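Text of entry_6.cif (mmCIF, C-alpha atoms and all ligand atoms) as supplied:
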data_my_file
loop_
_atom_site.label_atom_id
_atom_site.label_comp_id
_atom_site.auth_asym_id
_atom_site.auth_seq_id
_atom_site.Cartn_x
_atom_site.Cartn_y
_atom_site.Cartn_z
CA MET A 896 1.27 12.20 17.61
CA LYS A 897 3.72 13.17 14.90
CA LYS A 898 2.35 15.89 12.62
CA PHE A 899 2.94 15.38 8.93
CA ASN A 900 3.39 18.26 6.52
CA ILE A 901 2.10 17.19 3.11
CA LYS A 902 1.50 19.71 0.36
CA THR A 903 -0.02 19.09 -3.06
CA PRO A 904 2.82 19.55 -5.56
CA ASP A 905 3.07 23.04 -7.07
CA GLN A 906 1.19 22.96 -10.38
CA GLY A 907 3.38 25.69 -11.97
CA ILE A 908 5.42 23.17 -13.95
CA LYS A 909 2.35 21.38 -15.32
CA GLY A 910 2.19 23.35 -18.58
CA ALA A 911 5.86 22.69 -19.39
CA LEU A 912 5.46 19.00 -18.63
CA GLN A 913 2.33 18.66 -20.77
CA THR A 914 4.03 20.50 -23.65
CA LYS A 915 7.06 18.19 -23.42
CA ILE A 916 4.74 15.15 -23.49
CA ASP A 917 2.72 16.54 -26.40
CA LEU A 918 5.81 17.37 -28.49
CA LYS A 919 7.05 13.76 -28.48
CA THR A 920 6.84 11.96 -31.85
CA LYS A 921 3.39 10.43 -31.33
CA PRO A 922 -0.23 11.41 -31.78
CA PRO A 923 -1.36 13.41 -28.74
CA GLY A 924 -2.43 11.19 -25.86
CA SER A 925 -1.42 7.98 -27.61
CA LEU A 926 0.71 6.70 -24.73
CA GLY A 927 -2.44 6.66 -22.62
CA SER A 928 -1.97 6.16 -18.90
CA LEU A 929 1.81 6.41 -19.28
CA GLU A 930 1.30 10.09 -20.14
CA ALA A 931 -0.72 10.71 -16.98
CA LEU A 932 1.95 8.86 -15.01
CA ALA A 933 4.76 10.93 -16.52
CA LEU A 934 2.85 14.11 -15.66
CA GLN A 935 2.27 12.94 -12.09
CA ILE A 936 5.91 11.94 -11.53
CA GLY A 937 7.11 15.22 -13.05
CA LEU A 938 4.83 17.18 -10.72
CA ILE A 939 5.97 15.22 -7.66
CA GLN A 940 9.63 15.76 -8.54
CA GLN A 941 9.02 19.30 -9.87
CA SER A 942 11.05 18.37 -12.93
CA THR A 943 10.47 17.93 -16.66
CA SER A 944 13.12 15.17 -16.53
CA PRO A 945 12.08 13.03 -13.55
CA GLN A 946 14.33 10.18 -12.46
CA ILE A 947 13.69 7.08 -10.38
CA HIS A 948 16.39 6.60 -7.74
CA GLN A 949 16.97 3.57 -5.48
CA PRO A 950 13.43 2.17 -5.75
CA HIS A 951 12.46 0.24 -2.66
CA LEU A 952 9.75 -2.09 -1.35
CA VAL A 953 9.20 -2.38 2.40
CA VAL A 954 7.20 -5.34 3.69
CA PHE A 955 5.68 -4.89 7.14
CA ALA A 956 4.61 -8.05 8.99
CA ALA A 957 2.41 -8.34 12.07
CA ASP A 958 -0.09 -10.64 13.73
CA HIS A 959 -3.73 -10.14 14.54
CA GLY A 960 -5.38 -11.26 17.81
CA ILE A 961 -8.49 -12.40 15.96
CA SER A 962 -6.51 -14.88 13.86
CA LYS A 963 -6.04 -17.27 16.81
CA GLU A 964 -9.75 -18.13 16.74
CA GLY A 965 -9.67 -19.19 13.11
CA LEU A 966 -13.04 -17.56 12.44
CA VAL A 967 -11.92 -15.18 9.71
CA ASN A 968 -8.72 -16.74 8.35
CA PRO A 969 -8.31 -20.02 6.46
CA PHE A 970 -4.58 -20.19 7.31
CA PRO A 971 -3.24 -20.34 10.90
CA GLN A 972 -1.49 -17.45 12.60
CA GLU A 973 1.98 -19.02 12.50
CA VAL A 974 2.05 -18.55 8.72
CA THR A 975 2.93 -14.91 9.41
CA PHE A 976 6.29 -15.69 11.05
CA GLN A 977 6.92 -18.56 8.65
CA MET A 978 6.45 -16.20 5.71
CA VAL A 979 8.81 -13.68 7.33
CA MET A 980 11.47 -16.41 7.29
CA ASN A 981 10.60 -17.09 3.65
CA PHE A 982 10.99 -13.36 2.82
CA LEU A 983 14.37 -13.36 4.56
CA SER A 984 15.57 -16.27 2.47
CA GLY A 985 14.60 -14.31 -0.63
CA LYS A 986 12.22 -16.85 -2.08
CA ALA A 987 8.71 -15.43 -1.56
CA ALA A 988 6.66 -13.89 -4.39
CA VAL A 989 7.62 -10.34 -3.48
CA ASN A 990 11.33 -11.22 -3.43
CA VAL A 991 11.46 -12.78 -6.86
CA LEU A 992 9.20 -10.16 -8.48
CA ALA A 993 11.17 -7.32 -6.90
CA ASN A 994 14.49 -8.88 -7.93
CA GLN A 995 13.27 -9.01 -11.50
CA HIS A 996 13.18 -5.20 -11.53
CA ASN A 997 16.12 -4.49 -9.19
CA LEU A 998 13.87 -3.22 -6.44
CA GLU A 999 15.48 -3.31 -3.02
CA VAL A 1000 13.36 -5.17 -0.43
CA THR A 1001 13.32 -4.54 3.31
CA ILE A 1002 11.44 -6.83 5.71
CA VAL A 1003 10.08 -5.38 8.95
CA ASP A 1004 8.76 -7.09 12.07
CA ALA A 1005 6.02 -4.59 12.91
CA GLY A 1006 4.44 -6.88 15.52
CA VAL A 1007 4.68 -10.57 14.73
CA ASN A 1008 3.71 -13.03 17.47
CA TYR A 1009 7.11 -14.70 17.40
CA ASN A 1010 10.47 -14.03 18.97
CA PHE A 1011 12.91 -13.83 16.05
CA GLY A 1012 15.90 -12.92 18.17
CA ALA A 1013 18.46 -10.88 16.24
CA LEU A 1014 18.31 -11.64 12.54
CA PRO A 1015 20.67 -9.61 10.37
CA ASN A 1016 18.18 -8.74 7.62
CA LEU A 1017 15.03 -8.27 9.68
CA VAL A 1018 14.26 -4.73 10.84
CA ASP A 1019 12.91 -4.94 14.38
CA GLN A 1020 10.07 -2.47 14.79
CA LYS A 1021 7.91 -4.76 16.91
CA VAL A 1022 5.21 -2.86 18.77
CA ASP A 1023 3.90 -5.99 20.48
CA PHE A 1024 3.47 -9.73 19.87
CA GLY A 1025 0.38 -9.20 17.74
CA THR A 1026 -2.69 -7.06 18.33
CA LYS A 1027 -5.49 -7.86 20.77
CA ASN A 1028 -8.61 -9.60 19.45
CA TYR A 1029 -11.03 -6.83 18.43
CA LEU A 1030 -13.99 -9.12 19.14
CA TYR A 1031 -13.44 -8.19 22.79
CA GLY A 1032 -11.78 -4.77 22.78
CA PRO A 1033 -9.69 -2.42 20.63
CA ALA A 1034 -6.85 -4.06 18.68
CA MET A 1035 -4.28 -1.70 20.17
CA THR A 1036 -3.99 1.29 22.45
CA ARG A 1037 -3.84 4.79 21.06
CA GLY A 1038 -0.21 4.93 22.26
CA GLN A 1039 0.68 1.77 20.34
CA CYS A 1040 -1.05 3.16 17.26
CA GLU A 1041 0.95 6.38 17.45
CA MET A 1042 4.14 4.43 18.05
CA ALA A 1043 3.48 2.26 15.01
CA ILE A 1044 2.90 5.30 12.82
CA GLU A 1045 6.14 6.85 14.03
CA LYS A 1046 8.14 3.68 13.49
CA GLY A 1047 6.87 3.41 9.91
CA ALA A 1048 7.66 7.06 9.27
CA ASN A 1049 11.18 6.86 10.74
CA LEU A 1050 12.06 3.90 8.56
CA VAL A 1051 11.01 5.80 5.44
CA ASN A 1052 13.27 8.67 6.48
CA GLN A 1053 16.21 6.27 6.83
CA ILE A 1054 15.53 4.83 3.38
CA ALA A 1055 15.07 8.30 1.86
CA ALA A 1056 18.40 9.39 3.37
CA LYS A 1057 20.10 6.73 1.22
CA GLY A 1058 18.73 8.36 -1.93
CA CYS A 1059 15.45 6.53 -2.54
CA ASN A 1060 12.69 8.60 -4.17
CA THR A 1061 10.26 5.81 -5.12
CA ILE A 1062 8.83 3.45 -2.53
CA GLY A 1063 6.16 0.77 -2.26
CA PHE A 1064 4.75 -0.95 0.80
CA GLY A 1065 3.69 -4.53 1.27
CA GLU A 1066 2.28 -6.46 4.18
CA MET A 1067 2.10 -9.90 5.72
CA GLY A 1068 -0.30 -10.70 8.54
CA ILE A 1069 -2.72 -13.58 8.69
CA ALA A 1070 -6.29 -12.19 9.06
CA ASN A 1071 -5.38 -8.72 7.88
CA THR A 1072 -8.00 -8.71 5.10
CA SER A 1073 -10.47 -8.51 8.01
CA SER A 1074 -8.86 -5.36 9.41
CA ALA A 1075 -8.84 -3.88 5.93
CA SER A 1076 -12.55 -4.67 5.48
CA LEU A 1077 -13.51 -3.09 8.79
CA LEU A 1078 -11.51 0.05 8.02
CA MET A 1079 -13.08 0.21 4.57
CA HIS A 1080 -16.59 -0.15 5.97
CA HIS A 1081 -16.13 2.83 8.28
CA ILE A 1082 -14.13 5.10 6.00
CA CYS A 1083 -15.92 4.46 2.70
CA GLN A 1084 -19.30 3.94 4.41
CA THR A 1085 -19.74 0.78 2.34
CA LYS A 1086 -21.97 -2.09 3.54
CA LEU A 1087 -19.85 -4.67 5.39
CA GLU A 1088 -20.80 -7.50 3.03
CA ASP A 1089 -19.37 -5.50 0.12
CA CYS A 1090 -16.08 -5.06 2.03
CA VAL A 1091 -15.52 -8.69 3.01
CA GLY A 1092 -13.95 -11.14 0.58
CA LYS A 1093 -12.28 -14.52 0.42
CA GLY A 1094 -8.84 -13.37 1.56
CA THR A 1095 -6.51 -16.35 1.33
CA GLY A 1096 -9.32 -18.51 -0.03
CA ALA A 1097 -12.25 -18.81 2.36
CA ASN A 1098 -14.84 -21.29 1.05
CA PRO A 1099 -18.52 -20.21 1.04
CA GLU A 1100 -19.08 -21.48 4.58
CA GLN A 1101 -15.89 -19.86 5.91
CA LEU A 1102 -16.85 -16.64 4.15
CA LYS A 1103 -20.21 -16.64 5.93
CA THR A 1104 -18.49 -17.17 9.30
CA LYS A 1105 -16.03 -14.36 8.48
CA LEU A 1106 -18.88 -11.97 7.69
CA VAL A 1107 -20.90 -12.91 10.81
CA THR A 1108 -17.79 -12.55 12.98
CA LEU A 1109 -16.92 -9.14 11.56
CA GLN A 1110 -20.54 -8.03 12.01
CA LYS A 1111 -20.13 -8.89 15.71
CA VAL A 1112 -16.94 -6.83 15.79
CA LEU A 1113 -18.84 -3.83 14.40
CA GLU A 1114 -21.56 -4.29 17.02
CA LYS A 1115 -18.95 -4.48 19.81
CA HIS A 1116 -17.45 -1.17 18.62
CA GLN A 1117 -20.65 0.70 17.73
CA GLN A 1118 -19.39 3.79 19.54
CA VAL A 1119 -16.30 4.17 17.35
CA ASN A 1120 -16.10 7.51 15.58
CA SER A 1121 -15.89 6.88 11.83
CA LYS A 1122 -14.48 10.39 11.37
CA ASP A 1123 -11.48 9.74 13.64
CA PRO A 1124 -8.84 7.85 11.63
CA MET A 1125 -6.61 7.16 14.64
CA GLU A 1126 -9.50 5.69 16.58
CA LEU A 1127 -10.43 3.49 13.63
CA LEU A 1128 -6.84 2.34 13.19
CA ALA A 1129 -6.41 1.57 16.91
CA THR A 1130 -9.74 -0.29 17.07
CA PHE A 1131 -9.58 -2.38 13.91
CA GLY A 1132 -6.03 -2.10 12.61
CA GLY A 1133 -2.93 -4.17 12.74
CA PHE A 1134 0.59 -3.03 13.58
CA GLU A 1135 1.65 -3.59 9.95
CA ILE A 1136 -1.28 -1.50 8.67
CA ALA A 1137 -0.49 1.30 11.12
CA GLN A 1138 3.22 1.26 10.21
CA ILE A 1139 2.34 1.37 6.50
CA CYS A 1140 0.03 4.31 7.20
CA GLY A 1141 2.87 6.22 8.91
CA ALA A 1142 5.32 5.19 6.20
CA MET A 1143 3.00 6.47 3.46
CA LEU A 1144 2.45 9.80 5.23
CA GLN A 1145 6.20 10.27 5.65
CA ALA A 1146 6.91 9.31 2.04
CA ALA A 1147 4.44 11.96 0.85
CA GLU A 1148 5.97 14.56 3.18
CA ASN A 1149 9.34 13.68 1.63
CA ARG A 1150 7.85 14.10 -1.88
CA MET A 1151 8.53 10.48 -2.76
CA LEU A 1152 6.48 8.53 -5.27
CA ILE A 1153 4.36 5.95 -3.41
CA LEU A 1154 3.46 2.65 -5.06
CA VAL A 1155 0.18 1.44 -3.56
CA ASP A 1156 -0.28 -2.34 -3.59
CA GLY A 1157 -3.51 -4.31 -2.99
CA PHE A 1158 -6.48 -4.44 -0.65
CA ILE A 1159 -4.62 -4.16 2.65
CA ALA A 1160 -2.07 -1.55 1.59
CA THR A 1161 -4.92 0.52 0.13
CA ALA A 1162 -6.78 0.23 3.46
CA ALA A 1163 -3.69 1.73 5.15
CA LEU A 1164 -3.87 4.53 2.58
CA LEU A 1165 -7.58 5.08 3.36
CA VAL A 1166 -6.54 5.92 6.92
CA ALA A 1167 -3.60 8.09 5.78
CA ASN A 1168 -5.89 9.86 3.31
CA GLN A 1169 -8.36 10.59 6.09
CA ILE A 1170 -5.51 12.08 8.15
CA ILE A 1171 -4.10 14.17 5.25
CA PRO A 1172 -5.97 14.02 1.91
CA GLU A 1173 -3.09 15.75 0.08
CA ILE A 1174 -1.26 12.40 0.18
CA HIS A 1175 -3.26 11.38 -2.89
CA ALA A 1176 -1.04 13.32 -5.33
CA TYR A 1177 1.95 11.13 -4.39
CA CYS A 1178 0.23 7.78 -4.93
CA VAL A 1179 0.40 5.51 -7.93
CA PHE A 1180 -2.12 2.68 -7.71
CA ALA A 1181 -0.31 -0.43 -8.91
CA HIS A 1182 -3.23 -2.74 -9.49
CA CYS A 1183 -6.80 -3.69 -8.76
CA SER A 1184 -6.68 -6.76 -6.56
CA GLY A 1185 -8.96 -9.75 -7.03
CA GLU A 1186 -10.07 -9.33 -3.41
CA LYS A 1187 -13.72 -8.29 -3.21
CA GLY A 1188 -13.90 -4.71 -2.05
CA HIS A 1189 -10.70 -3.44 -3.62
CA GLU A 1190 -12.41 -2.03 -6.69
CA ALA A 1191 -14.89 -0.06 -4.56
CA MET A 1192 -12.04 1.11 -2.34
CA LEU A 1193 -10.18 2.42 -5.38
CA GLU A 1194 -13.36 4.12 -6.63
CA TYR A 1195 -13.76 5.83 -3.26
CA LEU A 1196 -10.20 7.16 -3.66
CA LYS A 1197 -10.91 8.15 -7.29
CA ALA A 1198 -7.90 6.03 -8.19
CA SER A 1199 -7.11 4.47 -11.57
CA PRO A 1200 -5.07 1.30 -11.05
CA LEU A 1201 -2.37 0.59 -13.63
CA LEU A 1202 -3.03 -3.16 -13.82
CA LYS A 1203 -5.85 -5.60 -13.27
CA LEU A 1204 -4.37 -9.09 -13.18
CA GLY A 1205 -6.63 -10.75 -10.63
CA MET A 1206 -3.68 -10.84 -8.21
CA ARG A 1207 -4.76 -11.17 -4.56
CA LEU A 1208 -1.62 -11.83 -2.62
CA GLY A 1209 -0.37 -8.67 -0.97
CA GLU A 1210 3.29 -8.63 0.20
CA GLY A 1211 3.80 -5.71 -2.21
CA SER A 1212 3.68 -8.15 -5.13
CA GLY A 1213 1.39 -5.93 -7.22
CA ALA A 1214 3.62 -2.92 -6.63
CA ALA A 1215 6.62 -4.94 -7.81
CA VAL A 1216 4.84 -6.03 -10.99
CA ALA A 1217 3.68 -2.48 -11.83
CA PHE A 1218 7.07 -0.89 -11.19
CA PRO A 1219 8.39 -1.13 -14.78
CA LEU A 1220 5.47 1.03 -15.93
CA ILE A 1221 6.85 3.83 -13.76
CA GLN A 1222 10.18 3.38 -15.49
CA SER A 1223 8.48 3.42 -18.90
CA ALA A 1224 6.76 6.72 -18.07
CA CYS A 1225 10.08 8.34 -17.16
CA THR A 1226 11.90 6.75 -20.08
CA PHE A 1227 9.56 8.06 -22.77
CA LEU A 1228 9.59 11.51 -21.22
CA ASN A 1229 13.39 11.63 -20.99
CA GLU A 1230 14.52 9.73 -24.07
CA MET A 1231 11.91 9.94 -26.81
CA ALA A 1232 12.53 12.31 -29.72
CA SER A 1233 10.42 15.41 -30.16
CA PHE A 1234 8.84 16.33 -33.51
CA GLU A 1235 11.52 19.00 -33.87
CA SER A 1236 14.56 16.87 -32.92
CA ALA A 1237 13.49 14.03 -35.22
CA GLY A 1238 12.31 16.25 -38.07
CA VAL A 1239 8.82 14.74 -38.04
CA SER A 1240 5.89 16.85 -39.20
CA GLN A 1241 3.11 17.58 -36.72
CA LYS A 1242 -0.55 17.11 -37.60
CA SER A 1243 -1.98 19.94 -39.67
CA ASN A 1244 -4.71 20.71 -37.15
C1 LIG A 1301 1.31 -18.62 2.40
C2 LIG A 1301 0.75 -17.22 2.38
C3 LIG A 1301 1.52 -16.18 1.86
C4 LIG A 1301 0.98 -14.88 1.84
N1 LIG A 1301 1.50 -13.73 1.40
C5 LIG A 1301 0.60 -12.80 1.57
N2 LIG A 1301 -0.50 -13.27 2.13
C6 LIG A 1301 -1.71 -12.49 2.35
O1 LIG A 1301 -2.73 -13.18 3.04
C7 LIG A 1301 -2.99 -12.67 4.33
C8 LIG A 1301 -4.37 -12.10 4.44
O2 LIG A 1301 -5.39 -13.01 4.17
P1 LIG A 1301 -6.38 -13.53 5.32
O3 LIG A 1301 -7.07 -12.34 5.86
O4 LIG A 1301 -7.31 -14.45 4.59
O5 LIG A 1301 -5.54 -14.25 6.34
C9 LIG A 1301 -1.95 -11.62 4.56
O6 LIG A 1301 -0.91 -12.14 5.29
C10 LIG A 1301 -1.57 -11.20 3.17
O7 LIG A 1301 -0.41 -10.53 3.04
C11 LIG A 1301 -0.30 -14.60 2.30
C12 LIG A 1301 -1.07 -15.64 2.85
C13 LIG A 1301 -0.54 -16.96 2.89
C14 LIG A 1301 -1.37 -18.05 3.47
O1 LIG A 1302 -5.10 -7.52 -2.34
C1 LIG A 1302 -4.40 -7.86 -1.39
O2 LIG A 1302 -3.49 -7.15 -0.96
C2 LIG A 1302 -4.66 -9.18 -0.71
C3 LIG A 1302 -5.78 -9.93 -0.97
C4 LIG A 1302 -5.97 -11.12 -0.31
C5 LIG A 1302 -5.05 -11.57 0.60
N1 LIG A 1302 -3.97 -10.84 0.85
C6 LIG A 1302 -3.76 -9.65 0.22
#
As a first step, turn the structure in this file into structure tokens.
Ligand SMILES: Cc1cc2ncn([C@H]3O[C@H](COP(=O)(O)O)[C@@H](O)[C@H]3O)c2cc1C
Ligand SMILES: O=C(O)c1cccnc1
Amino acid sequence: MKKFNIKTPDQGIKGALQTKIDLKTKPPGSLGSLEALALQIGLIQQSTSPQIHQPHLVVFAADHGISKEGLVNPFPQEVTFQMVMNFLSGKAAVNVLANQHNLEVTIVDAGVNYNFGALPNLVDQKVDFGTKNYLYGPAMTRGQCEMAIEKGANLVNQIAAKGCNTIGFGEMGIANTSSASLLMHHICQTKLEDCVGKGTGANPEQLKTKLVTLQKVLEKHQQVNSKDPMELLATFGGFEIAQICGAMLQAAENRMLILVDGFIATAALLVANQIIPEIHAYCVFAHCSGEKGHEAMLEYLKASPLLKLGMRLGEGSGAAVAFPLIQSACTFLNEMASFESAGVSQKSN
């Protein structure tokens, strides 16, 4: 298994950053969360003039063995490959929202149950044609899990080599809210019923079946070690979740700013955070999803999401929508006048 080397950013520059923020022509603290964001980005980049370069969203797609039974997912499995085609034609939610802010989008086949052949804009990182059904055994082997992590990490290195320092991750995989719920249950030690939500729109009866089914999955895997993130990921994960986990770990090692999307992307981070908790300093939490469980997941991570719009889509759509706030944080820090430069009097005391 690849070892990641993630260090909390050196705090030496913190005083200079805070002073620069406080000397802007505004009452102290009046830019609220943008000030915290500017401080965080400055620390990550070790600069009092941080810059966003080549911002990028990577969408990892994969299928889930469980989805074939239709017990946990309102939509059928083939929607995963159909949505990949939609991403490639540039017309899905994540495409249009990313285009709005000039975010580059890369689409990855992490393990879709479909043979795409060679498509020019699809990155082939297929581990397998979907995971196994975890009702009957682990979703993937340990080897597949490690491979997925490495593939995600390698892609981030390729993107970083082109000059990107800000990256978000999205996902597509019918039934993946179930994987995210199971991972959450074990890592956050939250009751299963508080981790399981409507996903793509389960009605009350479907939600009950989803919960009963996932309870059976937990019973099948009673022996799983909640303290072993790789075992959890291999048992309950998806190839897209595992690739996002590796991608996030690599992005933090590379000192990139990570935009964390919704329920499923945050579940990937839960695993990454259990592997190396220092990853936290590199994460900006884009939004609180409308999916039940996300708020508690964010609380577990002591994360303050930038937005709460009731979005519950995934794909990286929340990361795309929050991106301009990152730009605003850098812009005020770099361009706003100071009391001295503008000749504005500071408060008397
Ligand atoms: C058309 C469509 C587009 C999507 N884009 C993201 N998801 C989202 O929904 C799926 C998870 O929900 P569940 O666990 O209920 O299947 C994931 O693919 C996720 O990215 C979509 C779902 C659908 C149907
Ligand atoms: O918050 C998310 O990422 C989410 C919620 C429901 C379905 N798909 C994704």
So which residues are near ligand LIG 1301 (chain A), meaning at most 9 Å away with only C-alpha atoms and all ligand atoms counted, given back as an mmCIF file with C-alpha atoms, keeping the file's coordinate frame?
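Result file is pocket_19.cif:
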data_model
loop_
_atom_site.group_PDB
_atom_site.id
_atom_site.type_symbol
_atom_site.label_atom_id
_atom_site.label_comp_id
_atom_site.auth_asym_id
_atom_site.auth_seq_id
_atom_site.Cartn_x
_atom_site.Cartn_y
_atom_site.Cartn_z
ATOM 1 C CA ALA A 956 4.610 -8.050 8.990
ATOM 2 C CA ALA A 957 2.410 -8.340 12.070
ATOM 3 C CA ASP A 958 -0.090 -10.640 13.730
ATOM 4 C CA SER A 962 -6.510 -14.880 13.860
ATOM 5 C CA VAL A 967 -11.920 -15.180 9.710
ATOM 6 C CA ASN A 968 -8.720 -16.740 8.350
ATOM 7 C CA PRO A 969 -8.310 -20.020 6.460
ATOM 8 C CA PHE A 970 -4.580 -20.190 7.310
ATOM 9 C CA PRO A 971 -3.240 -20.340 10.900
ATOM 10 C CA GLN A 972 -1.490 -17.450 12.600
ATOM 11 C CA VAL A 974 2.050 -18.550 8.720
ATOM 12 C CA THR A 975 2.930 -14.910 9.410
ATOM 13 C CA GLN A 977 6.920 -18.560 8.650
ATOM 14 C CA MET A 978 6.450 -16.200 5.710
ATOM 15 C CA ALA A 987 8.710 -15.430 -1.560
ATOM 16 C CA ALA A 988 6.660 -13.890 -4.390
ATOM 17 C CA VAL A 989 7.620 -10.340 -3.480
ATOM 18 C CA GLY A 1065 3.690 -4.530 1.270
ATOM 19 C CA GLU A 1066 2.280 -6.460 4.180
ATOM 20 C CA MET A 1067 2.100 -9.900 5.720
ATOM 21 C CA GLY A 1068 -0.300 -10.700 8.540
ATOM 22 C CA ILE A 1069 -2.720 -13.580 8.690
ATOM 23 C CA ALA A 1070 -6.290 -12.190 9.060
ATOM 24 C CA ASN A 1071 -5.380 -8.720 7.880
ATOM 25 C CA THR A 1072 -8.000 -8.710 5.100
ATOM 26 C CA SER A 1073 -10.470 -8.510 8.010
ATOM 27 C CA SER A 1074 -8.860 -5.360 9.410
ATOM 28 C CA ALA A 1075 -8.840 -3.880 5.930
ATOM 29 C CA GLY A 1092 -13.950 -11.140 0.580
ATOM 30 C CA LYS A 1093 -12.280 -14.520 0.420
ATOM 31 C CA GLY A 1094 -8.840 -13.370 1.560
ATOM 32 C CA THR A 1095 -6.510 -16.350 1.330
ATOM 33 C CA GLY A 1096 -9.320 -18.510 -0.030
ATOM 34 C CA ALA A 1097 -12.250 -18.810 2.360
ATOM 35 C CA ILE A 1159 -4.620 -4.160 2.650
ATOM 36 C CA ARG A 1207 -4.760 -11.170 -4.560
ATOM 37 C CA LEU A 1208 -1.620 -11.830 -2.620
ATOM 38 C CA GLY A 1209 -0.370 -8.670 -0.970
ATOM 39 C CA GLU A 1210 3.290 -8.630 0.200
ATOM 40 C CA GLY A 1211 3.800 -5.710 -2.210
ATOM 41 C CA SER A 1212 3.680 -8.150 -5.130
#
Would you pick out the contacts of Gly924 of chain A at 12 Å or less, using all atoms listed in the file, so that residues sharing its chain but fewer than 5 positions from it are not included, and give the list as JSON, numbers by chain? {"A": [913, 914, 916, 917, 918, 919, 929, 930, 931, 932, 933, 934]}
One number please: atom CA of Pro1099 of chain A to atom CA of Lys963 of chain A, in Å, one decimal.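 These atoms are spaced 20.3 Å apart.
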May I ask which of the residues A:Leu1078, A:Val979, A:Leu1030, A:Leu1204 is the closest one to ligand LIG 1302 (chain A), counting only C-alpha atoms and all ligand atoms? A:Leu1204
Please, what is the axis-aligned box for every listed atom of ligand LIG 1302 (chain A) with 3 Å on each side, as centre and edge lengths in Å to one decimal, as JSON?
{"center_x": -4.7, "center_y": -9.4, "center_z": -0.7, "size_x": 8.5, "size_y": 10.4, "size_z": 9.2}
Pick out the residues sitting within 7 Å of segment 991-998 of chain A, and hand them over as number ranges by chain; count all atoms listed in the file, and ignore anything fewer than 4 positions along from it in its own chain. A: 950-952, 986-987, 1212, 1215-1216
Between A:Leu1113, A:Leu1228, A:Met1143, A:Val1091, which has the minimum distance to ligand LIG 1302 (chain A) (counting only C-alpha atoms and all ligand atoms)? A:Val1091
For Lys902 of chain A, please output as a PyMOL selection string all residues within 10 Å (counting all atoms listed in the file; exclusion window: fewer than 2 positions along the same chain). chain A and resi 899-900+904-905+1147-1150+1171-1174+1176-1177
Using only C-alpha atoms, which residues sit within 9 Å of Asn1052 of chain A once same-chain residues fewer than 2 positions away are excluded, as a list in words?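 Near neighbours after the sequence-gap exclusion: Gly1047, Ala1048, Asn1049, Leu1050, Ile1054, Ala1055, Ala1056, Lys1057, Ala1142, Gln1145, Ala1146 and Asn1149 of chain A.
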Quick one, how far is atom CA of Val954 of chain A from atom C5 of ligand LIG 1302 (chain A)?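 Atom C5 of ligand LIG 1302 (chain A) lies at a distance of 14.1 Å from atom CA of Val954 of chain A.
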May I ask which of the residues A:Gly1058, A:Gly960, A:Gly1063, A:Thr1001 is the closest one to Ala1034 of chain A, counting all atoms listed in the file? A:Gly960
Please identify all polymer residues within 9 Å of segment 1128-1136 of chain A, counting only C-alpha atoms, omitting same-chain residues fewer than 3 positions from it, and present them as a ChimeraX atom specification. /A:954-959,1003-1007,1021-1023,1025-1026,1029,1032-1041,1043-1044,1047,1065-1068,1071,1073-1075,1077-1078,1112,1116,1119,1123-1125,1139-1141,1159-1160,1162-1164,1166
